[in-house]
Structures are given as C-alpha cells and as structure tokens.
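Raw query_24.txt, compact mmCIF, N, CA and C atoms:
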# COMPACT_ATOMS: atom_id res chain seq x y z
N MET A 6 -7.20 13.63 39.28
CA MET A 6 -6.35 14.28 38.29
C MET A 6 -5.22 13.35 37.87
N LEU A 7 -4.60 12.66 38.82
CA LEU A 7 -3.50 11.76 38.51
C LEU A 7 -3.99 10.61 37.65
N MET A 8 -5.16 10.08 37.95
CA MET A 8 -5.72 9.00 37.15
C MET A 8 -6.04 9.48 35.74
N HIS A 9 -6.53 10.70 35.62
CA HIS A 9 -6.83 11.28 34.31
C HIS A 9 -5.54 11.41 33.49
N ARG A 10 -4.48 11.86 34.10
CA ARG A 10 -3.20 12.01 33.41
C ARG A 10 -2.65 10.64 32.99
N GLY A 11 -2.83 9.64 33.80
CA GLY A 11 -2.40 8.29 33.46
C GLY A 11 -3.14 7.75 32.24
N TRP A 12 -4.43 8.06 32.15
CA TRP A 12 -5.23 7.65 31.00
C TRP A 12 -4.72 8.31 29.72
N ILE A 13 -4.38 9.58 29.79
CA ILE A 13 -3.86 10.31 28.63
C ILE A 13 -2.53 9.71 28.18
N VAL A 14 -1.65 9.41 29.12
CA VAL A 14 -0.36 8.79 28.79
C VAL A 14 -0.59 7.44 28.14
N PHE A 15 -1.51 6.66 28.68
CA PHE A 15 -1.83 5.34 28.11
C PHE A 15 -2.30 5.47 26.67
N MET A 16 -3.18 6.42 26.39
CA MET A 16 -3.69 6.63 25.03
C MET A 16 -2.57 7.06 24.09
N LEU A 17 -1.68 7.90 24.54
CA LEU A 17 -0.57 8.34 23.70
C LEU A 17 0.35 7.17 23.36
N VAL A 18 0.58 6.30 24.31
CA VAL A 18 1.42 5.14 24.06
C VAL A 18 0.79 4.26 22.98
N LEU A 19 -0.52 4.14 22.99
CA LEU A 19 -1.21 3.35 21.98
C LEU A 19 -1.14 4.01 20.60
N LEU A 20 -1.20 5.31 20.57
CA LEU A 20 -1.27 6.03 19.29
C LEU A 20 0.09 6.31 18.68
N LEU A 21 1.11 6.50 19.46
CA LEU A 21 2.41 6.93 18.93
C LEU A 21 3.07 5.97 17.95
N PRO A 22 2.99 4.65 18.12
CA PRO A 22 3.65 3.79 17.14
C PRO A 22 3.16 4.01 15.71
N GLY A 23 1.93 4.42 15.53
CA GLY A 23 1.41 4.68 14.19
C GLY A 23 1.68 6.09 13.70
N CYS A 24 2.41 6.87 14.48
CA CYS A 24 2.63 8.27 14.12
C CYS A 24 4.09 8.57 13.86
N GLY A 25 4.81 7.61 13.33
CA GLY A 25 6.22 7.82 13.03
C GLY A 25 6.45 8.96 12.06
N TRP A 26 5.47 9.24 11.23
CA TRP A 26 5.58 10.33 10.26
C TRP A 26 5.79 11.66 10.95
N LEU A 27 5.38 11.78 12.23
CA LEU A 27 5.60 13.04 12.95
C LEU A 27 7.07 13.31 13.17
N TRP A 28 7.88 12.25 13.20
CA TRP A 28 9.30 12.41 13.45
C TRP A 28 10.14 12.12 12.22
N GLY A 29 9.51 12.00 11.08
CA GLY A 29 10.25 11.84 9.85
C GLY A 29 10.48 10.40 9.43
N SER A 30 9.77 9.45 10.01
CA SER A 30 9.90 8.07 9.56
C SER A 30 8.56 7.62 9.01
N TYR A 31 8.64 6.82 7.95
CA TYR A 31 7.43 6.44 7.23
C TYR A 31 7.41 4.93 7.01
N GLY A 32 6.22 4.37 6.94
CA GLY A 32 6.05 2.96 6.63
C GLY A 32 6.47 2.06 7.77
N ALA A 33 6.31 0.77 7.52
CA ALA A 33 6.61 -0.24 8.54
C ALA A 33 8.09 -0.31 8.87
N LYS A 34 8.93 0.11 7.93
CA LYS A 34 10.38 0.04 8.14
C LYS A 34 10.96 1.33 8.69
N GLY A 35 10.13 2.33 8.95
CA GLY A 35 10.61 3.60 9.49
C GLY A 35 11.56 4.31 8.55
N GLN A 36 11.25 4.33 7.28
CA GLN A 36 12.11 4.92 6.28
C GLN A 36 12.00 6.45 6.28
N SER A 37 13.00 7.09 5.68
CA SER A 37 12.91 8.53 5.48
C SER A 37 11.80 8.80 4.46
N ARG A 38 11.37 10.03 4.40
CA ARG A 38 10.30 10.36 3.45
C ARG A 38 10.71 10.04 2.02
N GLU A 39 11.93 10.40 1.65
CA GLU A 39 12.41 10.16 0.29
C GLU A 39 12.49 8.67 -0.02
N ASP A 40 13.01 7.89 0.92
CA ASP A 40 13.11 6.44 0.72
C ASP A 40 11.72 5.82 0.63
N PHE A 41 10.81 6.28 1.47
CA PHE A 41 9.46 5.74 1.43
C PHE A 41 8.76 6.10 0.13
N GLU A 42 8.95 7.32 -0.35
CA GLU A 42 8.35 7.72 -1.63
C GLU A 42 8.89 6.86 -2.78
N ARG A 43 10.19 6.58 -2.76
CA ARG A 43 10.77 5.71 -3.79
C ARG A 43 10.18 4.30 -3.68
N TYR A 44 10.07 3.82 -2.46
CA TYR A 44 9.51 2.48 -2.23
C TYR A 44 8.07 2.40 -2.76
N VAL A 45 7.25 3.38 -2.42
CA VAL A 45 5.85 3.39 -2.85
C VAL A 45 5.77 3.46 -4.37
N GLU A 46 6.62 4.27 -4.98
CA GLU A 46 6.63 4.34 -6.45
C GLU A 46 7.01 2.99 -7.05
N GLN A 47 8.00 2.35 -6.45
CA GLN A 47 8.43 1.03 -6.92
C GLN A 47 7.29 0.02 -6.81
N VAL A 48 6.59 0.02 -5.70
CA VAL A 48 5.46 -0.89 -5.50
C VAL A 48 4.36 -0.59 -6.51
N PHE A 49 4.06 0.68 -6.74
CA PHE A 49 3.04 1.05 -7.71
C PHE A 49 3.41 0.53 -9.10
N ARG A 50 4.63 0.78 -9.52
CA ARG A 50 5.07 0.34 -10.85
C ARG A 50 5.02 -1.19 -10.97
N PHE A 51 5.43 -1.88 -9.90
CA PHE A 51 5.44 -3.33 -9.89
C PHE A 51 4.03 -3.89 -10.07
N GLN A 52 3.09 -3.44 -9.26
CA GLN A 52 1.73 -3.98 -9.36
C GLN A 52 1.08 -3.55 -10.66
N ASN A 53 1.42 -2.38 -11.16
CA ASN A 53 0.88 -1.93 -12.43
C ASN A 53 1.41 -2.78 -13.59
N ARG A 54 2.69 -3.13 -13.52
CA ARG A 54 3.29 -4.00 -14.54
C ARG A 54 2.64 -5.38 -14.53
N LEU A 55 2.38 -5.91 -13.35
CA LEU A 55 1.74 -7.22 -13.25
C LEU A 55 0.33 -7.20 -13.84
N THR A 56 -0.39 -6.13 -13.58
CA THR A 56 -1.72 -6.00 -14.16
C THR A 56 -1.64 -5.99 -15.69
N SER A 57 -0.67 -5.25 -16.22
CA SER A 57 -0.48 -5.19 -17.68
C SER A 57 -0.07 -6.55 -18.23
N ASP A 58 0.85 -7.22 -17.53
CA ASP A 58 1.29 -8.55 -17.97
C ASP A 58 0.12 -9.52 -18.02
N LEU A 59 -0.70 -9.49 -17.00
CA LEU A 59 -1.84 -10.39 -16.94
C LEU A 59 -2.83 -10.10 -18.07
N MET A 60 -3.06 -8.82 -18.35
CA MET A 60 -3.96 -8.46 -19.45
C MET A 60 -3.40 -8.94 -20.79
N MET A 61 -2.11 -8.80 -20.99
CA MET A 61 -1.49 -9.24 -22.24
C MET A 61 -1.58 -10.76 -22.38
N LEU A 62 -1.37 -11.47 -21.28
CA LEU A 62 -1.49 -12.93 -21.32
C LEU A 62 -2.91 -13.36 -21.66
N GLN A 63 -3.88 -12.69 -21.08
CA GLN A 63 -5.28 -13.03 -21.35
C GLN A 63 -5.65 -12.73 -22.79
N GLU A 64 -5.09 -11.69 -23.36
CA GLU A 64 -5.38 -11.33 -24.74
C GLU A 64 -4.68 -12.25 -25.74
N SER A 65 -3.64 -12.94 -25.30
CA SER A 65 -2.89 -13.80 -26.21
C SER A 65 -3.72 -15.00 -26.67
N GLY A 66 -4.73 -15.37 -25.90
CA GLY A 66 -5.61 -16.44 -26.31
C GLY A 66 -5.16 -17.82 -25.87
N ASP A 67 -3.87 -18.03 -25.66
CA ASP A 67 -3.38 -19.35 -25.26
C ASP A 67 -3.14 -19.42 -23.75
N PHE A 68 -3.66 -18.48 -23.06
CA PHE A 68 -3.48 -18.40 -21.61
C PHE A 68 -4.81 -18.69 -20.94
N ASN A 69 -4.83 -19.66 -20.06
CA ASN A 69 -6.04 -20.01 -19.34
C ASN A 69 -5.85 -19.62 -17.88
N ALA A 70 -6.52 -18.59 -17.46
CA ALA A 70 -6.36 -18.10 -16.09
C ALA A 70 -7.04 -19.04 -15.11
N SER A 71 -6.29 -19.49 -14.13
CA SER A 71 -6.86 -20.35 -13.10
C SER A 71 -7.63 -19.50 -12.09
N GLU A 72 -8.45 -20.16 -11.32
CA GLU A 72 -9.21 -19.47 -10.28
C GLU A 72 -8.26 -18.83 -9.27
N ALA A 73 -7.18 -19.52 -8.93
CA ALA A 73 -6.21 -18.98 -7.98
C ALA A 73 -5.57 -17.71 -8.52
N LEU A 74 -5.27 -17.69 -9.79
CA LEU A 74 -4.66 -16.52 -10.41
C LEU A 74 -5.63 -15.34 -10.39
N LEU A 75 -6.88 -15.59 -10.73
CA LEU A 75 -7.88 -14.52 -10.73
C LEU A 75 -8.13 -13.99 -9.32
N GLN A 76 -8.14 -14.88 -8.34
CA GLN A 76 -8.32 -14.45 -6.95
C GLN A 76 -7.12 -13.64 -6.47
N ALA A 77 -5.92 -14.07 -6.86
CA ALA A 77 -4.71 -13.34 -6.47
C ALA A 77 -4.69 -11.95 -7.09
N GLU A 78 -5.16 -11.85 -8.33
CA GLU A 78 -5.20 -10.55 -8.99
C GLU A 78 -6.22 -9.64 -8.31
N GLN A 79 -7.37 -10.18 -7.95
CA GLN A 79 -8.39 -9.40 -7.26
C GLN A 79 -7.89 -8.98 -5.87
N PHE A 80 -7.23 -9.88 -5.17
CA PHE A 80 -6.69 -9.57 -3.85
C PHE A 80 -5.65 -8.46 -3.95
N MET A 81 -4.78 -8.54 -4.98
CA MET A 81 -3.78 -7.49 -5.16
C MET A 81 -4.47 -6.15 -5.40
N ARG A 82 -5.50 -6.13 -6.20
CA ARG A 82 -6.21 -4.87 -6.46
C ARG A 82 -6.78 -4.29 -5.17
N GLN A 83 -7.33 -5.16 -4.33
CA GLN A 83 -7.88 -4.68 -3.06
C GLN A 83 -6.79 -4.11 -2.17
N GLN A 84 -5.68 -4.82 -2.09
CA GLN A 84 -4.58 -4.38 -1.23
C GLN A 84 -3.93 -3.09 -1.74
N CYS A 85 -3.94 -2.92 -3.05
CA CYS A 85 -3.28 -1.76 -3.66
C CYS A 85 -4.25 -0.61 -3.91
N ASP A 86 -5.50 -0.77 -3.55
CA ASP A 86 -6.49 0.27 -3.82
C ASP A 86 -6.10 1.64 -3.26
N PRO A 87 -5.65 1.75 -2.00
CA PRO A 87 -5.27 3.08 -1.51
C PRO A 87 -4.13 3.70 -2.34
N LEU A 88 -3.16 2.90 -2.71
CA LEU A 88 -2.05 3.40 -3.52
C LEU A 88 -2.54 3.85 -4.89
N ASN A 89 -3.39 3.07 -5.52
CA ASN A 89 -3.92 3.44 -6.83
C ASN A 89 -4.80 4.70 -6.74
N GLU A 90 -5.57 4.80 -5.68
CA GLU A 90 -6.39 6.01 -5.49
C GLU A 90 -5.49 7.23 -5.30
N TYR A 91 -4.44 7.07 -4.53
CA TYR A 91 -3.50 8.17 -4.29
C TYR A 91 -2.88 8.64 -5.61
N VAL A 92 -2.42 7.70 -6.42
CA VAL A 92 -1.79 8.04 -7.70
C VAL A 92 -2.81 8.70 -8.63
N ALA A 93 -4.02 8.17 -8.69
CA ALA A 93 -5.05 8.74 -9.56
C ALA A 93 -5.36 10.18 -9.15
N ARG A 94 -5.45 10.42 -7.86
CA ARG A 94 -5.72 11.78 -7.38
C ARG A 94 -4.55 12.70 -7.71
N ASP A 95 -3.34 12.19 -7.56
CA ASP A 95 -2.15 12.98 -7.86
C ASP A 95 -2.10 13.35 -9.35
N VAL A 96 -2.39 12.38 -10.20
CA VAL A 96 -2.38 12.61 -11.65
C VAL A 96 -3.45 13.65 -12.03
N ASP A 97 -4.59 13.60 -11.35
CA ASP A 97 -5.67 14.55 -11.63
C ASP A 97 -5.46 15.90 -10.97
N GLY A 98 -4.37 16.04 -10.21
CA GLY A 98 -4.08 17.31 -9.54
C GLY A 98 -4.93 17.56 -8.31
N GLN A 99 -5.50 16.50 -7.76
CA GLN A 99 -6.34 16.63 -6.57
C GLN A 99 -5.51 16.35 -5.32
N SER A 100 -5.94 16.92 -4.23
CA SER A 100 -5.29 16.69 -2.95
C SER A 100 -5.57 15.26 -2.49
N SER A 101 -4.57 14.64 -1.89
CA SER A 101 -4.76 13.27 -1.43
C SER A 101 -5.32 13.21 -0.02
N GLY A 102 -5.09 14.19 0.78
CA GLY A 102 -5.61 14.21 2.13
C GLY A 102 -4.80 13.36 3.09
N PHE A 103 -4.88 13.73 4.33
CA PHE A 103 -4.12 13.07 5.40
C PHE A 103 -4.46 11.59 5.52
N PHE A 104 -5.75 11.27 5.55
CA PHE A 104 -6.16 9.89 5.81
C PHE A 104 -5.80 8.96 4.65
N LEU A 105 -5.89 9.44 3.43
CA LEU A 105 -5.47 8.61 2.29
C LEU A 105 -3.96 8.38 2.34
N ARG A 106 -3.19 9.39 2.66
CA ARG A 106 -1.74 9.21 2.76
C ARG A 106 -1.40 8.20 3.85
N ARG A 107 -2.11 8.25 4.95
CA ARG A 107 -1.88 7.28 6.04
C ARG A 107 -2.25 5.87 5.59
N ARG A 108 -3.35 5.74 4.83
CA ARG A 108 -3.73 4.41 4.32
C ARG A 108 -2.67 3.87 3.39
N VAL A 109 -2.11 4.73 2.55
CA VAL A 109 -1.03 4.29 1.65
C VAL A 109 0.16 3.84 2.48
N GLU A 110 0.50 4.61 3.47
CA GLU A 110 1.63 4.25 4.33
C GLU A 110 1.40 2.91 5.02
N ASN A 111 0.18 2.68 5.46
CA ASN A 111 -0.14 1.45 6.19
C ASN A 111 -0.35 0.23 5.31
N THR A 112 -0.59 0.42 4.01
CA THR A 112 -0.91 -0.72 3.15
C THR A 112 0.11 -0.98 2.04
N ALA A 113 1.13 -0.17 1.92
CA ALA A 113 2.11 -0.36 0.85
C ALA A 113 2.76 -1.74 0.93
N GLY A 114 3.08 -2.18 2.12
CA GLY A 114 3.70 -3.50 2.29
C GLY A 114 2.77 -4.63 1.89
N GLU A 115 1.49 -4.53 2.25
CA GLU A 115 0.52 -5.55 1.86
C GLU A 115 0.32 -5.56 0.35
N CYS A 116 0.33 -4.39 -0.25
CA CYS A 116 0.21 -4.30 -1.71
C CYS A 116 1.39 -5.01 -2.36
N GLU A 117 2.58 -4.76 -1.87
CA GLU A 117 3.77 -5.40 -2.43
C GLU A 117 3.71 -6.92 -2.27
N ARG A 118 3.32 -7.40 -1.09
CA ARG A 118 3.23 -8.85 -0.86
C ARG A 118 2.20 -9.50 -1.79
N ALA A 119 1.06 -8.84 -1.95
CA ALA A 119 0.03 -9.39 -2.84
C ALA A 119 0.52 -9.41 -4.28
N ALA A 120 1.27 -8.39 -4.69
CA ALA A 120 1.81 -8.35 -6.05
C ALA A 120 2.84 -9.46 -6.25
N LYS A 121 3.65 -9.72 -5.25
CA LYS A 121 4.64 -10.80 -5.36
C LYS A 121 3.96 -12.16 -5.47
N GLU A 122 2.86 -12.35 -4.73
CA GLU A 122 2.12 -13.60 -4.83
C GLU A 122 1.53 -13.78 -6.22
N LEU A 123 1.01 -12.71 -6.79
CA LEU A 123 0.47 -12.76 -8.14
C LEU A 123 1.58 -13.05 -9.15
N GLU A 124 2.72 -12.44 -8.97
CA GLU A 124 3.84 -12.65 -9.88
C GLU A 124 4.24 -14.13 -9.93
N VAL A 125 4.26 -14.78 -8.78
CA VAL A 125 4.59 -16.20 -8.72
C VAL A 125 3.59 -17.02 -9.54
N LEU A 126 2.32 -16.70 -9.39
CA LEU A 126 1.28 -17.43 -10.11
C LEU A 126 1.35 -17.17 -11.63
N ILE A 127 1.68 -15.95 -12.01
CA ILE A 127 1.80 -15.63 -13.45
C ILE A 127 2.96 -16.41 -14.07
N LYS A 128 4.05 -16.52 -13.32
CA LYS A 128 5.24 -17.17 -13.87
C LYS A 128 5.16 -18.69 -13.82
N SER A 129 4.28 -19.22 -12.98
CA SER A 129 4.20 -20.69 -12.90
C SER A 129 3.44 -21.23 -14.10
N PRO A 130 3.88 -22.41 -14.58
CA PRO A 130 3.26 -22.99 -15.78
C PRO A 130 1.85 -23.46 -15.58

Would you put the structure from the file into structure tokens?
Amino acid sequence: MLMHRGWIVFMLVLLLPGCGWLWGSYGAKGQSREDFERYVEQVFRFQNRLTSDLMMLQESGDFNASEALLQAEQFMRQQCDPLNEYVARDVDGQSSGFFLRRRVENTAGECERAAKELEVLIKSP
C-alpha cells in the first residue's frame, strides 16, 4: 500500500507542472487568465498580420521569396495551427474543447517565436 501511494505521488508530481490552469495560472509564464487571453490575442494578430504582409509582398511582383522565407512561413503556420484552429472554432461558434485549449496554452510561445523569426526574414533585404 505504501509503495502504491508513493507511485501516485510520483505521478502527480510529473503531471502538476502542466496543470497550472487549475490554480489560475496559464501559459509558460504563469499568467492570469485575462493576461494570457490578451497575450494569445496579441500573438494571433501578430502572426495573422505577417501572413497578410507576406501575401501582399508576393502580389507586388517585385518580391522574390527565398527558400528560407517560405520555410519560415510554413514553420510559423505549423506552430500556430492550434491557435488558428481555436480562433476558427470560436468564430464559427463551436466549442474548442479542453485538449485544444491546452494545446493553445502549450504552443502560444512557439507560435510567437516562429512569427518573430518570419518577421526578421520579411524585413531583411
């Protein structure tokens, strides 16, 4: 019985760091729900703006997209996929579900980093 209880405690220790949302902290920085929602909205708008900027540059005709730029844009899309799925479901009035919300919480930082990398490539000559 004591060994069984030790195993349960061990499993809880492994799981609890990812469950900050149970105590009102969200994301890698342990933000409040309101702060995290603002952060996620900011990240969504940022990556969405970069996608629009890239499309406008490509349509201008005098812009030659490098392989690195195209790869960075694709990587950003992959990293931001949970966030974009969450927003699309929200706009359509569909439930996002627990697991999708957790994926957004766990990937918002990666989405932001990928967007910043793309921004650097867009701005470089």

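In this model, the gap between CA of Ala119 in chain A and CA of Ser100 in chain A comes to 26.6 Å.
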
DSSP helix (DSSP H, G or I) selection over range 43-116 of chain A, as a count of residues only: 62

Protein and nucleic acid residues near (-1.6, -5.5, -7.8) (cut-off 6.5 Å, only N, CA and C atoms) as a list in words: Phe51, Gln52, Asn53, Thr56, Glu78, Phe80, Met81, Arg82, Cys85, Cys116, Ala119 and Ala120 of chain A

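CA of Gln36 in chain A is positioned 23.8 Å from CA of Glu122 in chain A.
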
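With only C-alpha atoms as the atoms that count, the minimum distance from Arg106 in chain A to the choices A:Gly35, A:Phe41, A:Leu59, A:Leu126 is reached by A:Phe41.
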
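Using all atoms listed in the file for every distance, the candidate list A:Ala113, A:Val96, A:Leu105, A:Ala70 yields A:Ala113 as the residue closest to Phe49 in chain A.
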
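Picture a line from CA of Glu90 in chain A to CA of Leu55 in chain A; it runs 17.4 Å.
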
What are the centre and edge lengths in Å, to one decimal, of the axis-aligned box around all listed atoms of range 51-64 of chain A with 3 Å added on each side, as lines of an AutoDock Vina configuration file?
center_x = -0.1
center_y = -7.6
center_z = -17.5
size_x = 17.1
size_y = 17.5
size_z = 22.5

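Between Gln84 in chain A and the candidates A:Ser71, A:Gln63, A:Ser57, A:Thr112, the tightest atom-to-atom separation, counting all atoms listed in the file, involves A:Thr112.
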
Nearest-residue call for Glu110 in chain A, choices A:Ser129, A:Gln76, A:Pro87, A:Gly98, using only N, CA and C atoms: A:Pro87
